[in-house]
Amino acid sequence: MFARSSLVYWIVWLGCASPVGFVAYWLVTDHLGANPINTGMRFLGVWGLRFLVIGLALRPLRDLLGWAWVMRYRRTIGLFGLFYVFAHVSTYVGLDRFFDLPAIWADIVKRPYITLGMLGFLMLMPLGITSTNDMIKRLGPRNWRRLHKLVYVIVPLGVLHYFLLVKSDVTWPLFYAVLTFTFLGVRVWQAYGRRHRTEGPRSVAVNLNSESTT
Ligand code: HEM
C-alpha cells in the first residue's frame, strides 16, 4: 500500500528526527533549564527508549492487526533508537563526565543503573553495525535474525536502567515496563503457538523415520 519512498516514509523519518530538532532548538535558545546537560541527556535517553519500545510493537501490530506496512519502517525506527541512545551515552561520557575514564568506570562498577545501561548499550552496538543490507547478506538472514533477537534483552535492560535511576515516582518507568512486557509476551505467546502447531507433523516425521530404519 505504501512505497518506501512515499510520503509516509518521510513522515516517519521526520517524526523520528524531530526530537533532535527540539533539543537543538532548546539548547540554542537556552530552554534546557538550570542543568542543560542533564536535561538534554535524559531527553535523549527517554527518546532512545521510546523508539526501541516502538520497534518492539511493530511485529505485534502486524500480526494482531494485520498492519503489514509498519514493518517497512522497522529498520528506520530501530536505527533512530540506537542513534538516541548513542547520543545519550555520548552526552554522559563527553559533557557530563568530560571523558574522565576512571570516573566513568567507577560509575559503571558502583551504580547498578549505569551497569545495566552500559550492558544494554554494548549489546545495541552490534545491532547497529549489522543493520546494513551488506551485513545481512554476510551474516546470512538466519544468523542476522538470531543476533537481532538481542533487542528482547536490550529493551528490558533499558527499562530496568530507568527504574533504578528514578528516585520516587516510578510512573513512567512502569509505563514503559508494561508496554515492553506486553510486546515481549505477545512474541513468546506467538512462538509457543508456532511450536505447538509444528509439533504434530514434526513428531509424525520422526516416527516415520524411525519406522523406516527398523
Ligand atoms: C539501552 C541503553 C540505554 C537506554 C535505553 C537509556 C535510557 C535512559 C532513560 C529513559 C533515562 C531517564 C530519562 C528521564 O528521566 O527522563 C536515562 C537516564 C540516564 N542514563 Fe541512560 N540509557 C541507556 C544507557 C545508558 C548508559 C550506557 C549510560 C552511561 C554509561 C547511561 C547514563 C544515564 C544517566 C547518567 C542518566 C541520568 C541520571 C540522572 O539524571 O540522575 N544510560 N537513560
# chains A, B, ... in the order shown; residues from 1 in each chain; ligands from 1
call {"tool": "residues_near_ligand", "arguments": {"ligand": "ligand 1", "cutoff": "7 Å", "atoms": "only C-alpha atoms and all ligand atoms", "output": "VMD selection string"}}
result
chain A and resid 38 41 to 43 45 to 46 48 to 49 85 88 to 89 92 to 93 108 114 117 to 121 124 154 to 155 157 to 159 161 to 162 165 to 166
call {"tool": "residues_around", "arguments": {"residues": "A:Pro126", "least_positions_apart": "3", "cutoff": "12 Å", "atoms": "only C-alpha atoms", "output": "list in words"}}
result
Leu79, Leu82, Gly120, Phe121, Leu122, Met123, Ile129, Thr130, Ser131, Thr132, Met135, Leu139, Trp144, Leu147, His148, Lys149, Leu150, Val151 and Ile154 of chain A
call {"tool": "select_by_dssp", "arguments": {"residues": "stretch 3-213 of chain A", "states": "alpha helix (DSSP H)", "output": "PyMOL selection string"}}
result
chain A and resi 7-28+36-65+74-90+101-110+112-129+133-139+141-148+151-165+171-213
call {"tool": "closest_residue", "arguments": {"among": "A:Leu179, A:Trp47, A:Tyr113, A:Arg187", "to": "A:Ala87", "atoms": "only C-alpha atoms"}}
result
A:Trp47
call {"tool": "atom_distance", "arguments": {"atom1": "atom CA of A:Thr91", "atom2": "atom CA of A:Asp30"}}
result
17.0 Å
call {"tool": "closest_residue", "arguments": {"among": "A:Arg50, A:Tyr73, A:Pro173, A:Val23", "to": "A:Leu160", "atoms": "only C-alpha atoms"}}
result
A:Pro173
call {"tool": "closest_residue", "arguments": {"among": "A:Ser6, A:Thr180, A:Thr115, A:Gln190", "to": "A:Gly55", "atoms": "only C-alpha atoms"}}
result
A:Thr180
call {"tool": "residues_around", "arguments": {"residues": "A:Phe80", "least_positions_apart": "6", "cutoff": "9 Å", "atoms": "only C-alpha atoms", "output": "JSON, numbers by chain"}}
result
{"A": [13, 16, 17, 47, 48, 51, 52]}
call {"tool": "write_last_selection", "arguments": {"atoms": "N, CA and C atoms", "output": "tab-separated table (two decimals), in the first residue's frame"}}
result
chain	number	residue	atom	x	y	z
A	13	TRP	N	10.28	9.34	9.12
A	13	TRP	CA	11.66	9.81	9.28
A	13	TRP	C	11.70	11.15	10.03
A	16	CYS	N	10.78	10.72	13.61
A	16	CYS	CA	11.89	10.16	14.40
A	16	CYS	C	12.99	11.20	14.63
A	17	ALA	N	13.20	12.08	13.65
A	17	ALA	CA	14.29	13.05	13.77
A	17	ALA	C	13.89	14.29	14.57
A	47	TRP	N	14.02	9.25	24.63
A	47	TRP	CA	13.64	9.04	23.23
A	47	TRP	C	14.25	7.76	22.68
A	48	GLY	N	15.47	7.46	23.13
A	48	GLY	CA	16.10	6.19	22.73
A	48	GLY	C	15.20	5.03	23.15
A	51	PHE	N	11.87	4.81	21.09
A	51	PHE	CA	11.97	4.22	19.75
A	51	PHE	C	12.25	2.71	19.83
A	52	LEU	N	13.01	2.31	20.84
A	52	LEU	CA	13.26	0.86	20.98
A	52	LEU	C	11.95	0.14	21.31
call {"tool": "residues_around", "arguments": {"residues": "A:Val70", "least_positions_apart": "4", "cutoff": "12 Å", "atoms": "only C-alpha atoms", "output": "tab-separated table (two decimals) with N, CA and C atoms, in the first residue's frame"}}
result
chain	number	residue	atom	x	y	z
A	1	MET	N	0.84	-1.21	0.00
A	1	MET	CA	0.00	0.00	0.00
A	1	MET	C	0.88	1.27	0.00
A	2	PHE	N	1.89	1.28	0.87
A	2	PHE	CA	2.75	2.46	0.92
A	2	PHE	C	4.14	2.10	0.41
A	3	ALA	N	4.64	2.87	-0.56
A	3	ALA	CA	6.00	2.62	-1.04
A	3	ALA	C	6.97	3.22	-0.04
A	4	ARG	N	8.20	2.63	0.01
A	4	ARG	CA	9.20	3.10	0.96
A	4	ARG	C	9.53	4.57	0.75
A	8	VAL	N	4.65	8.61	3.58
A	8	VAL	CA	4.65	8.01	4.92
A	8	VAL	C	6.07	7.81	5.43
A	9	TYR	N	6.95	7.36	4.51
A	9	TYR	CA	8.33	7.14	4.92
A	9	TYR	C	8.94	8.44	5.45
A	12	VAL	N	7.50	9.35	8.83
A	12	VAL	CA	8.12	8.54	9.89
A	12	VAL	C	9.52	9.08	10.19
A	54	ILE	N	8.89	1.24	20.57
A	54	ILE	CA	8.04	1.28	19.36
A	54	ILE	C	8.48	0.18	18.39
A	55	GLY	N	9.81	-0.01	18.28
A	55	GLY	CA	10.34	-1.08	17.42
A	55	GLY	C	9.79	-2.45	17.83
A	56	LEU	N	9.68	-2.67	19.14
A	56	LEU	CA	9.14	-3.96	19.63
A	56	LEU	C	7.66	-4.12	19.31
A	57	ALA	N	6.96	-2.96	19.19
A	57	ALA	CA	5.50	-3.01	18.98
A	57	ALA	C	5.13	-3.39	17.55
A	58	LEU	N	6.07	-3.23	16.60
A	58	LEU	CA	5.69	-3.33	15.20
A	58	LEU	C	5.22	-4.73	14.79
A	59	ARG	N	5.93	-5.76	15.26
A	59	ARG	CA	5.52	-7.12	14.89
A	59	ARG	C	4.15	-7.49	15.45
A	60	PRO	N	3.89	-7.22	16.74
A	60	PRO	CA	2.53	-7.47	17.22
A	60	PRO	C	1.49	-6.68	16.43
A	61	LEU	N	1.82	-5.44	16.03
A	61	LEU	CA	0.85	-4.66	15.25
A	61	LEU	C	0.56	-5.34	13.91
A	62	ARG	N	1.64	-5.86	13.29
A	62	ARG	CA	1.46	-6.56	12.02
A	62	ARG	C	0.63	-7.83	12.21
A	63	ASP	N	1.01	-8.61	13.22
A	63	ASP	CA	0.39	-9.93	13.37
A	63	ASP	C	-1.02	-9.86	13.93
A	65	LEU	N	-3.06	-6.92	14.18
A	65	LEU	CA	-3.99	-6.01	13.49
A	65	LEU	C	-3.89	-6.10	11.97
A	66	GLY	N	-2.90	-6.87	11.48
A	66	GLY	CA	-2.74	-7.01	10.03
A	66	GLY	C	-2.08	-5.80	9.38
A	74	ARG	N	10.64	-0.59	10.31
A	74	ARG	CA	11.27	-1.16	11.49
A	74	ARG	C	12.75	-0.76	11.59
A	75	ARG	N	13.44	-0.85	10.46
A	75	ARG	CA	14.87	-0.53	10.50
A	75	ARG	C	15.09	0.96	10.83
A	76	THR	N	14.30	1.83	10.19
A	76	THR	CA	14.43	3.27	10.44
A	76	THR	C	14.21	3.57	11.93
A	77	ILE	N	13.14	3.00	12.48
A	77	ILE	CA	12.79	3.27	13.88
A	77	ILE	C	13.87	2.70	14.81
